[in-house]
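What's in input.cif: mmCIF, C-alpha atoms
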data_upload
#
loop_
_atom_site.label_atom_id
_atom_site.label_comp_id
_atom_site.auth_asym_id
_atom_site.auth_seq_id
_atom_site.Cartn_x
_atom_site.Cartn_y
_atom_site.Cartn_z
CA MET O 212 81.49 24.04 -70.82
CA LYS O 213 78.90 21.35 -70.16
CA GLN O 214 76.22 23.59 -71.69
CA GLN O 215 78.22 23.96 -74.89
CA ARG O 216 78.67 20.19 -75.13
CA HIS O 217 74.94 19.73 -74.61
CA GLN O 218 74.15 22.22 -77.38
CA ARG O 219 76.55 20.49 -79.73
CA PHE O 220 75.05 17.17 -78.82
CA SER O 221 71.58 18.48 -79.56
CA ARG O 222 72.56 19.82 -82.91
CA ARG O 223 74.14 16.53 -83.77
CA ASN O 224 71.13 14.46 -82.65
CA PRO O 225 67.90 16.29 -83.52
CA SER O 226 65.94 13.04 -83.66
CA ASN O 227 66.83 12.35 -80.06
CA MET O 228 65.30 15.71 -79.04
CA LYS O 229 62.09 14.94 -80.88
CA ASN O 230 61.79 11.63 -79.12
CA LYS O 231 62.07 13.36 -75.77
CA ASN O 232 59.43 15.87 -76.72
CA ARG O 233 57.24 13.05 -77.88
CA GLY O 234 57.59 11.42 -74.49
CA LYS O 235 56.54 14.61 -72.74
CA VAL O 236 53.40 14.83 -74.87
CA SER O 237 52.47 11.30 -73.81
CA VAL O 238 52.62 12.28 -70.14
CA VAL O 239 50.30 15.23 -70.82
CA TRP O 240 47.81 12.92 -72.47
CA VAL O 241 47.92 10.63 -69.47
CA ALA O 242 47.19 13.60 -67.20
CA ILE O 243 44.33 14.72 -69.43
CA LEU O 244 42.92 11.21 -69.45
CA CYS O 245 43.13 11.00 -65.67
CA PHE O 246 41.34 14.32 -65.29
CA PHE O 247 38.72 13.34 -67.86
CA SER O 248 38.16 10.01 -66.07
CA PHE O 249 37.84 11.80 -62.72
CA VAL O 250 35.21 14.18 -64.10
CA LEU O 251 33.30 11.32 -65.66
CA GLY O 252 33.47 9.41 -62.39
CA LEU O 253 31.97 12.35 -60.52
CA ARG O 254 29.28 12.72 -63.12
CA PHE O 255 28.43 9.00 -62.96
CA SER O 256 28.36 9.11 -59.16
CA ASP O 257 25.97 12.04 -59.14
CA ARG O 258 23.66 10.35 -61.60
CA MET O 259 23.71 7.13 -59.70
CA LEU O 260 22.77 8.92 -56.47
CA THR O 261 19.81 10.49 -58.24
CA LEU O 262 18.98 7.04 -59.62
CA GLU O 263 18.82 7.89 -63.32
CA PRO O 264 17.86 5.06 -65.68
CA LEU O 265 20.58 2.45 -66.12
CA ASP O 266 20.35 2.56 -69.93
CA HIS O 267 21.62 6.13 -69.83
CA ILE O 268 24.55 5.01 -67.73
CA LEU O 269 25.33 2.13 -70.08
CA VAL O 270 25.43 4.49 -73.05
CA THR O 271 27.81 6.70 -71.15
CA ARG O 272 30.07 3.73 -70.46
CA ASP O 273 30.14 2.85 -74.17
CA HIS O 274 31.06 6.40 -74.96
CA PHE O 275 33.77 6.28 -72.34
CA ALA O 276 35.08 3.00 -73.75
CA SER O 277 35.23 4.38 -77.31
CA THR O 278 37.08 7.44 -76.10
CA SER O 279 39.57 5.34 -74.20
CA ASP O 280 40.29 3.24 -77.32
CA ASP O 281 41.43 6.37 -79.14
CA CYS O 282 43.93 7.04 -76.40
CA ALA O 283 45.07 3.44 -75.90
CA THR O 284 48.14 3.82 -78.06
CA ALA O 285 49.53 6.66 -75.97
CA ASN O 286 50.94 4.52 -73.20
CA GLY O 287 50.55 1.00 -71.89
CA ASN O 288 49.79 2.39 -68.44
CA GLU O 289 46.66 4.05 -69.81
CA GLN O 290 45.01 0.64 -70.24
CA VAL O 291 45.64 -0.12 -66.60
CA LEU O 292 44.12 3.24 -65.65
CA LEU O 293 41.08 2.57 -67.81
CA ALA O 294 40.56 -0.81 -66.22
CA GLY O 295 40.66 0.79 -62.79
CA VAL O 296 38.10 3.40 -63.78
CA GLN O 297 35.80 0.74 -65.17
CA LYS O 298 36.03 -1.22 -61.92
CA THR O 299 35.17 1.96 -60.03
CA GLN O 300 32.20 2.54 -62.32
CA GLY O 301 31.02 -0.99 -61.65
CA ALA O 302 31.23 -0.40 -57.93
CA ILE O 303 29.25 2.82 -58.31
CA GLU O 304 26.55 0.97 -60.23
CA SER O 305 26.40 -1.63 -57.48
CA VAL O 306 26.01 1.06 -54.83
CA GLY O 307 23.34 2.76 -56.93
CA SER O 308 21.41 -0.49 -57.20
CA SER O 309 21.62 -0.98 -53.44
CA VAL O 310 20.37 2.57 -52.85
CA ALA O 311 17.47 2.00 -55.21
CA GLN O 312 16.48 -1.19 -53.38
CA LEU O 313 16.79 0.57 -50.04
CA ARG O 314 14.56 3.43 -51.18
CA LEU O 315 12.01 0.98 -52.48
CA ALA O 316 12.03 -0.88 -49.16
CA LEU O 317 11.65 2.35 -47.18
CA GLY O 318 8.82 3.48 -49.43
CA LYS O 319 6.97 0.23 -48.89
CA LYS O 320 7.56 0.45 -45.16
CA SER O 321 6.18 4.00 -45.05
CA GLU O 322 3.19 3.01 -47.15
CA ASN O 323 2.52 0.02 -44.93
CA SER O 324 2.76 2.21 -41.83
CA THR O 325 0.18 4.60 -43.27
CA ASN O 326 -2.11 1.72 -44.16
CA VAL O 327 -1.75 0.24 -40.69
CA PHE O 328 -2.70 3.58 -39.14
CA ALA O 329 -5.73 3.84 -41.44
CA GLU O 330 -6.76 0.27 -40.63
CA THR O 331 -6.51 0.81 -36.87
CA ARG O 332 -8.98 3.71 -37.04
CA LYS O 333 -12.47 2.31 -36.78
CA LYS O 334 -15.14 3.60 -39.13
CA ALA O 335 -18.03 5.39 -37.46
CA PHE O 336 -20.88 7.73 -38.24
CA MET O 337 -20.54 9.91 -35.15
CA VAL O 338 -18.37 9.92 -32.05
CA ILE O 339 -19.97 11.51 -28.99
CA GLY O 340 -17.68 12.66 -26.22
CA ILE O 341 -19.49 13.39 -22.93
CA ASN O 342 -17.46 15.93 -21.00
CA THR O 343 -17.20 14.80 -17.37
CA ALA O 344 -15.08 15.32 -14.25
CA PHE O 345 -13.68 13.17 -11.45
CA SER O 346 -16.40 14.36 -9.09
CA SER O 347 -19.27 13.66 -11.50
CA ARG O 348 -19.86 9.96 -10.88
CA LYS O 349 -23.54 10.52 -10.05
CA ARG O 350 -24.05 12.53 -13.23
CA ARG O 351 -22.53 9.74 -15.28
CA ASP O 352 -24.79 7.18 -13.62
CA SER O 353 -27.86 9.33 -14.35
CA ILE O 354 -26.95 9.27 -18.04
CA ARG O 355 -26.26 5.52 -18.01
CA GLU O 356 -29.72 4.99 -16.54
CA THR O 357 -31.47 7.05 -19.22
CA TRP O 358 -30.26 7.91 -22.72
CA MET O 359 -26.89 6.13 -22.98
CA PRO O 360 -26.98 2.40 -23.85
CA GLN O 361 -24.98 0.08 -21.62
CA GLY O 362 -22.95 -3.10 -21.93
CA GLU O 363 -23.54 -5.14 -25.08
CA ASN O 364 -26.06 -2.57 -26.35
CA LEU O 365 -23.34 0.09 -26.35
CA LEU O 366 -21.05 -2.15 -28.40
CA GLN O 367 -23.91 -3.16 -30.70
CA LEU O 368 -24.73 0.51 -31.30
CA GLU O 369 -21.14 1.10 -32.34
CA HIS O 370 -20.86 -1.94 -34.59
CA GLU O 371 -24.27 -1.80 -36.27
CA LYS O 372 -25.01 1.93 -36.43
CA GLY O 373 -21.53 3.44 -36.22
CA ILE O 374 -22.49 5.53 -33.16
CA VAL O 375 -19.81 5.75 -30.49
CA VAL O 376 -20.64 7.20 -27.06
CA ARG O 377 -17.92 7.72 -24.45
CA PHE O 378 -17.33 9.75 -21.31
CA MET O 379 -14.18 11.76 -21.94
CA ILE O 380 -11.75 12.61 -19.18
CA GLY O 381 -8.05 13.33 -18.74
CA HIS O 382 -5.92 12.62 -15.70
CA SER O 383 -5.23 14.38 -12.43
CA ALA O 384 -2.28 16.71 -11.86
CA THR O 385 -0.59 13.78 -10.13
CA LYS O 386 -0.76 10.80 -12.46
CA ASN O 387 -1.95 7.50 -11.02
CA SER O 388 -3.57 9.29 -8.10
CA ILE O 389 -6.59 7.94 -6.26
CA LEU O 390 -8.80 9.93 -8.67
CA ASP O 391 -7.25 8.20 -11.68
CA HIS O 392 -7.59 4.79 -10.05
CA ALA O 393 -11.27 5.47 -9.37
CA ILE O 394 -11.87 6.22 -13.07
CA ASN O 395 -9.91 3.13 -14.06
CA SER O 396 -12.10 0.98 -11.83
CA GLU O 397 -15.28 2.57 -13.17
CA ASP O 398 -14.13 2.05 -16.74
CA ALA O 399 -13.22 -1.57 -16.06
CA TYR O 400 -16.85 -2.14 -15.08
CA HIS O 401 -18.69 -0.03 -17.70
CA HIS O 402 -16.17 0.17 -20.58
CA ASP O 403 -17.49 3.57 -21.62
CA PHE O 404 -14.58 6.00 -21.13
CA LEU O 405 -12.27 7.77 -23.57
CA ARG O 406 -9.12 8.69 -21.66
CA LEU O 407 -7.33 11.86 -22.80
CA SER O 408 -3.80 10.87 -21.85
CA GLU O 409 -2.20 14.26 -22.53
CA HIS O 410 -4.80 16.37 -20.71
CA VAL O 411 -4.73 17.46 -17.06
CA GLU O 412 -8.23 18.01 -15.67
CA GLY O 413 -9.27 21.47 -14.47
CA TYR O 414 -12.29 23.74 -14.90
CA HIS O 415 -10.23 26.47 -16.52
CA GLU O 416 -8.77 23.96 -18.97
CA LEU O 417 -11.95 23.22 -20.90
CA SER O 418 -10.60 24.70 -24.14
CA ALA O 419 -7.53 22.49 -23.90
CA LYS O 420 -9.75 19.51 -23.11
CA THR O 421 -11.84 20.18 -26.21
CA LYS O 422 -8.73 20.11 -28.39
CA ALA O 423 -7.54 16.94 -26.66
CA PHE O 424 -10.91 15.26 -27.26
CA PHE O 425 -11.03 16.00 -30.97
CA SER O 426 -7.39 14.97 -31.44
CA THR O 427 -7.84 11.70 -29.54
CA ALA O 428 -11.15 10.91 -31.24
CA VAL O 429 -9.71 11.55 -34.72
CA GLU O 430 -6.77 9.27 -33.97
CA THR O 431 -9.10 6.51 -32.78
CA TRP O 432 -12.12 6.70 -35.11
CA ASP O 433 -12.67 7.73 -38.70
CA ALA O 434 -16.10 9.30 -38.19
CA GLU O 435 -18.32 11.57 -40.25
CA PHE O 436 -19.12 13.75 -37.22
CA TYR O 437 -17.63 14.40 -33.80
CA VAL O 438 -19.95 15.61 -31.04
CA LYS O 439 -19.17 17.20 -27.70
CA VAL O 440 -21.86 17.22 -24.99
CA ASP O 441 -21.85 18.04 -21.28
CA ASP O 442 -22.77 15.44 -18.67
CA ASP O 443 -25.82 17.41 -17.49
CA VAL O 444 -27.57 17.45 -20.88
CA HIS O 445 -30.28 15.05 -22.09
CA VAL O 446 -29.74 13.67 -25.61
CA ASN O 447 -32.03 11.73 -27.94
CA LEU O 448 -29.51 9.71 -29.93
CA GLY O 449 -31.89 8.81 -32.77
CA THR O 450 -32.93 12.43 -33.34
CA LEU O 451 -29.34 13.62 -33.12
CA ALA O 452 -28.22 11.03 -35.67
CA SER O 453 -31.04 12.00 -38.05
CA THR O 454 -30.14 15.68 -37.69
CA LEU O 455 -26.50 15.08 -38.55
CA ALA O 456 -27.36 12.71 -41.40
CA GLN O 457 -28.98 15.62 -43.24
CA HIS O 458 -25.54 17.25 -43.52
CA GLN O 459 -23.46 14.15 -44.07
CA SER O 460 -22.20 15.06 -47.54
CA LYS O 461 -21.22 18.62 -46.66
CA PRO O 462 -17.67 19.74 -45.82
CA GLY O 463 -16.88 22.21 -43.07
CA VAL O 464 -20.09 21.74 -41.06
CA TYR O 465 -20.45 23.30 -37.59
CA ILE O 466 -23.83 22.46 -36.01
CA GLY O 467 -25.36 23.71 -32.79
CA CYS O 468 -27.40 26.47 -31.25
CA MET O 469 -25.60 29.58 -32.44
CA LYS O 470 -25.37 32.55 -30.13
CA SER O 471 -23.46 35.80 -29.71
CA GLY O 472 -23.34 36.72 -26.06
CA PRO O 473 -21.72 39.79 -24.47
CA VAL O 474 -18.01 39.86 -23.76
CA LEU O 475 -17.79 40.08 -19.96
CA ASN O 476 -14.83 42.20 -18.88
CA GLN O 477 -15.73 42.41 -15.18
CA ASN O 478 -13.59 40.38 -12.81
CA ASN O 479 -15.10 37.81 -10.49
CA VAL O 480 -18.11 37.08 -12.72
CA LYS O 481 -18.98 33.79 -14.37
CA TYR O 482 -17.66 33.51 -17.93
CA HIS O 483 -15.26 36.45 -17.41
CA GLU O 484 -13.12 37.00 -20.50
CA PRO O 485 -9.57 38.08 -19.54
CA GLU O 486 -8.81 38.93 -23.17
CA PHE O 487 -11.91 41.10 -23.57
CA TRP O 488 -9.87 43.85 -25.24
CA LYS O 489 -9.39 41.66 -28.31
CA PHE O 490 -13.10 41.85 -29.07
CA GLY O 491 -13.29 45.61 -29.43
CA ASP O 492 -14.75 48.28 -27.21
CA GLU O 493 -16.64 47.67 -24.00
CA GLY O 494 -20.15 46.35 -24.59
CA ASN O 495 -19.25 44.38 -27.72
CA LYS O 496 -20.47 40.84 -28.33
CA TYR O 497 -18.69 37.67 -29.37
CA PHE O 498 -18.78 36.40 -32.94
CA ARG O 499 -21.37 33.73 -33.69
CA HIS O 500 -20.55 30.36 -32.14
CA ALA O 501 -22.40 27.29 -30.92
CA THR O 502 -23.34 27.13 -27.26
CA GLY O 503 -21.05 24.82 -25.35
CA GLN O 504 -23.62 22.36 -23.95
CA ILE O 505 -23.65 20.40 -27.20
CA TYR O 506 -22.34 20.88 -30.74
CA ALA O 507 -21.14 18.77 -33.66
CA ILE O 508 -18.48 19.28 -36.32
CA SER O 509 -17.69 17.39 -39.50
CA LYS O 510 -14.60 15.24 -39.84
CA ASP O 511 -12.55 17.79 -41.79
CA LEU O 512 -12.94 20.37 -39.02
CA ALA O 513 -12.01 17.80 -36.37
CA GLN O 514 -8.93 16.88 -38.38
CA TYR O 515 -8.07 20.57 -38.68
CA ILE O 516 -8.15 20.95 -34.89
CA SER O 517 -6.11 17.78 -34.44
CA SER O 518 -3.43 18.90 -36.92
CA ASN O 519 -3.18 22.50 -35.72
CA GLY O 520 -3.84 22.17 -32.01
CA ASP O 521 -0.47 23.60 -31.01
CA ILE O 522 -1.17 26.96 -32.65
CA LEU O 523 -4.88 27.33 -31.90
CA HIS O 524 -5.43 30.00 -29.27
CA LYS O 525 -7.47 29.11 -26.18
CA TYR O 526 -9.86 31.69 -24.75
CA ALA O 527 -11.31 31.43 -21.25
CA ASN O 528 -14.59 29.98 -22.54
CA GLU O 529 -14.44 26.71 -24.45
CA ASP O 530 -17.33 27.45 -26.84
CA VAL O 531 -15.78 30.81 -27.76
CA SER O 532 -12.45 29.09 -28.44
CA LEU O 533 -14.07 26.61 -30.82
CA GLY O 534 -15.83 29.39 -32.72
CA ALA O 535 -12.58 31.36 -32.93
CA TRP O 536 -10.73 28.39 -34.45
CA PHE O 537 -13.11 28.39 -37.40
CA ILE O 538 -12.94 32.10 -38.20
CA GLY O 539 -11.26 32.53 -41.55
CA LEU O 540 -12.17 29.01 -42.69
CA GLU O 541 -14.86 28.00 -45.14
CA VAL O 542 -17.25 26.79 -42.45
CA GLU O 543 -21.02 26.50 -42.63
CA HIS O 544 -22.61 27.53 -39.33
CA ILE O 545 -25.86 25.60 -38.94
CA ASN O 546 -28.16 26.98 -36.27
CA ASP O 547 -30.27 23.98 -35.21
CA ARG O 548 -32.56 24.89 -32.31
CA SER O 549 -33.54 21.25 -31.73
CA MET O 550 -30.15 20.91 -30.05
CA CYS O 551 -31.07 23.35 -27.27
CA CYS O 552 -34.65 22.64 -26.22
CA ALA O 553 -35.62 23.49 -22.67
CA THR O 554 -36.58 20.82 -20.19
CA PRO O 555 -40.25 20.10 -19.40
CA PRO O 556 -42.70 21.57 -19.92
CA GLU O 557 -41.27 22.93 -23.22
CA CYS O 558 -39.97 19.66 -24.68
CA GLU O 559 -42.95 17.57 -23.55
CA PRO O 560 -45.55 18.73 -26.13
CA LYS O 561 -42.96 18.37 -28.91
CA SER O 562 -42.32 14.80 -27.84
CA ARG O 563 -46.02 14.00 -27.82
CA ALA O 564 -46.29 15.33 -31.35
CA GLY O 565 -43.40 13.10 -32.43
CA LYS O 566 -41.03 16.05 -32.88
CA PHE O 567 -38.34 15.06 -30.46
CA CYS O 568 -35.51 17.39 -29.56
CA ALA O 569 -31.94 16.32 -30.18
CA ALA O 570 -30.91 17.74 -26.80
CA SER O 571 -32.56 19.40 -23.80
CA PHE O 572 -31.19 21.50 -20.93
CA ASP O 573 -31.94 24.63 -18.89
CA TRP O 574 -30.32 27.81 -20.14
CA ARG O 575 -30.18 29.39 -16.70
CA CYS O 576 -28.10 26.49 -15.38
CA SER O 577 -26.10 25.89 -18.60
CA GLY O 578 -27.37 22.34 -18.30
CA ILE O 579 -30.23 20.53 -16.61
CA CYS O 580 -30.64 22.12 -13.19
CA ASN O 581 -29.97 19.48 -10.55
CA SER O 582 -29.42 16.97 -13.32
CA VAL O 583 -28.72 13.99 -11.04
CA ALA O 584 -32.22 14.19 -9.59
CA ARG O 585 -34.05 15.37 -12.72
CA MET O 586 -32.41 13.47 -15.62
CA LYS O 587 -34.76 10.51 -15.28
CA GLY O 588 -37.87 12.74 -15.29
CA VAL O 589 -36.66 14.65 -18.35
CA HIS O 590 -36.04 11.36 -20.12
CA GLU O 591 -39.50 10.03 -19.32
CA MET O 592 -41.28 13.14 -20.62
CA CYS O 593 -38.99 14.20 -23.48
CA GLY O 594 -37.03 11.08 -24.39
CA GLU O 595 -37.63 9.13 -27.58
CA ASP O 596 -38.49 5.44 -27.57
CA ALA O 597 -35.57 3.09 -26.96
CA SER O 598 -35.99 1.63 -30.44
CA ALA O 599 -35.66 5.01 -32.17
CA ILE O 600 -31.91 4.86 -32.49
CA TRP O 601 -32.05 1.39 -34.04
CA ASN O 602 -34.64 2.47 -36.61
CA THR O 603 -32.77 5.61 -37.61
CA SER O 604 -31.57 5.58 -41.21
CA ILE O 605 -28.01 6.82 -41.50
#
Show me, as structure tokens, the structure contained in the file I just sent.
Amino acid sequence: MKQQRHQRFSRRNPSNMKNKNRGKVSVVWVAILCFFSFVLGLRFSDRMLTLEPLDHILVTRDHFASTSDDCATANGNEQVLLAGVQKTQGAIESVGSSVAQLRLALGKKSENSTNVFAETRKKAFMVIGINTAFSSRKRRDSIRETWMPQGENLLQLEHEKGIVVRFMIGHSATKNSILDHAINSEDAYHHDFLRLSEHVEGYHELSAKTKAFFSTAVETWDAEFYVKVDDDVHVNLGTLASTLAQHQSKPGVYIGCMKSGPVLNQNNVKYHEPEFWKFGDEGNKYFRHATGQIYAISKDLAQYISSNGDILHKYANEDVSLGAWFIGLEVEHINDRSMCCATPPECEPKSRAGKFCAASFDWRCSGICNSVARMKGVHEMCGEDASAIWNTSI
């Protein structure tokens, strides 16, 4: 009965039905506007997070405003909605501006940190690390008394010629042991040590010590060359500097006395190679590499070792490990025999003729035999004049 009355009422008042329909259409438009505003809000948020230019955002706001004007007549509530969206957009722009300022501040901080690191690294021509042990105090003193400058002369050599000379050593298995305190006391007097804080000393850890030296030296000095030498080798610093200066402009330089000795697979022999099977059949030889008593590498190779130390494999013999690290790289192997002269009488006639050796040692002892007692005699017969290093052109 009610349905019939409603139908009659509708037939009698068609205009009333149209007005209701018109009201429903207005609600749809409001929903569409809300959805459209939501999508635009997301789009603006995304663009603000990616920090697009503000002029693009302003154009989008104008477009949004013009679109909202067309819909303003639909319902008074739409104006309120539009005002809310515009306030939201303003907040988004404010957040975007804050993010931009934050990124700029972080970028400057990162740049400043990089510059600080670069400034803390001292410029040098070559950094010489003398490999030594806790028990080698007498060897160190024999070097201090001969070819290594001391005190103010050592600092002057570093400041004027860019030549840094340091004994390199890690720490004992028990940190702050009596051995470590002895080195600390010695360093407090001579000021000529480079401590490898992450390295534990041990004869079978020479490959690890080599990596630690290059990493520590690269972090401390920005040098053209990094040199490793044993503490039972005699060095003429002026001749060594002149030798390296000839290759100063070359990248990937590996300088030393190149050799290719046999791979020793027998147990209980000196220089035994536990991983001998990696080098082929029995009787094979190693690839070419510099003998371990002394060698030099250019800064890019030292940086390579420093950056990739964690994945560089260590063989039993330190000089073999170094040569292995450079296989596959564009490295120039320079075989300079002046870096492996024998001790007197071989080096003596060369010295008299003015052709000094960069380094001297005895092959059969892998260093100067009985170096503590003989270092002074080798220096007197084969050492260059004390002024040579100061007159060297680098």
- Task: Around the point (-22.9, 20.5, -17.5), in the coordinates given by the file, pick out the residues reaching within 8 Å, counting only C-alpha atoms, and return them as a VMD selection string.
- Result: chain O and resid 342 441 to 444 504 577 to 579
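For the pair atom CA of O:Val438 and atom CA of O:Lys489, the separation is 28.2 Å.
From atom CA of O:Arg348 back to atom CA of O:His483, the distance works out to 27.7 Å.
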Selection under test: the PyMOL selection byres ((chain O and resi 420) around 10); residues as a PDB file with C-alpha atoms, in the coordinates of the input:
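part-v3.pdb written:
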ATOM      1  CA  ASN O 342     -17.460  15.930 -21.000  1.00  0.00           C
ATOM      2  CA  MET O 379     -14.180  11.760 -21.940  1.00  0.00           C
ATOM      3  CA  ILE O 380     -11.750  12.610 -19.180  1.00  0.00           C
ATOM      4  CA  GLY O 381      -8.050  13.330 -18.740  1.00  0.00           C
ATOM      5  CA  LEU O 407      -7.330  11.860 -22.800  1.00  0.00           C
ATOM      6  CA  GLU O 409      -2.200  14.260 -22.530  1.00  0.00           C
ATOM      7  CA  HIS O 410      -4.800  16.370 -20.710  1.00  0.00           C
ATOM      8  CA  VAL O 411      -4.730  17.460 -17.060  1.00  0.00           C
ATOM      9  CA  GLU O 412      -8.230  18.010 -15.670  1.00  0.00           C
ATOM     10  CA  GLY O 413      -9.270  21.470 -14.470  1.00  0.00           C
ATOM     11  CA  TYR O 414     -12.290  23.740 -14.900  1.00  0.00           C
ATOM     12  CA  HIS O 415     -10.230  26.470 -16.520  1.00  0.00           C
ATOM     13  CA  GLU O 416      -8.770  23.960 -18.970  1.00  0.00           C
ATOM     14  CA  LEU O 417     -11.950  23.220 -20.900  1.00  0.00           C
ATOM     15  CA  SER O 418     -10.600  24.700 -24.140  1.00  0.00           C
ATOM     16  CA  ALA O 419      -7.530  22.490 -23.900  1.00  0.00           C
ATOM     17  CA  THR O 421     -11.840  20.180 -26.210  1.00  0.00           C
ATOM     18  CA  LYS O 422      -8.730  20.110 -28.390  1.00  0.00           C
ATOM     19  CA  ALA O 423      -7.540  16.940 -26.660  1.00  0.00           C
ATOM     20  CA  PHE O 424     -10.910  15.260 -27.260  1.00  0.00           C
ATOM     21  CA  PHE O 425     -11.030  16.000 -30.970  1.00  0.00           C
ATOM     22  CA  SER O 426      -7.390  14.970 -31.440  1.00  0.00           C
ATOM     23  CA  GLU O 529     -14.440  26.710 -24.450  1.00  0.00           C
TER      24      GLU O 529
END
- Message: Evaluated on this file, the PyMOL selection byres ((chain O and resi 553) around 9) picks out some residues - which ones are they, written as a PyMOL selection string?
- Response: chain O and resi 551-552+554-558+570-574+579
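If you count all atoms listed in the file and ignore residues fewer than 5 places along the chain from O:Asn364, what sits within 12 Å of it is Arg355, Trp358, Met359, Glu369, His370, Glu371, Lys372, Ile374, Val375, Val376, His401, His402, Asp403, Ala597, Ser598, Ile600 and Trp601 of chain O.
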- Item | atom CA of O:Cys568 to atom CA of O:Asp352, distance in Å rounded to a single decimal | 21.8 Å
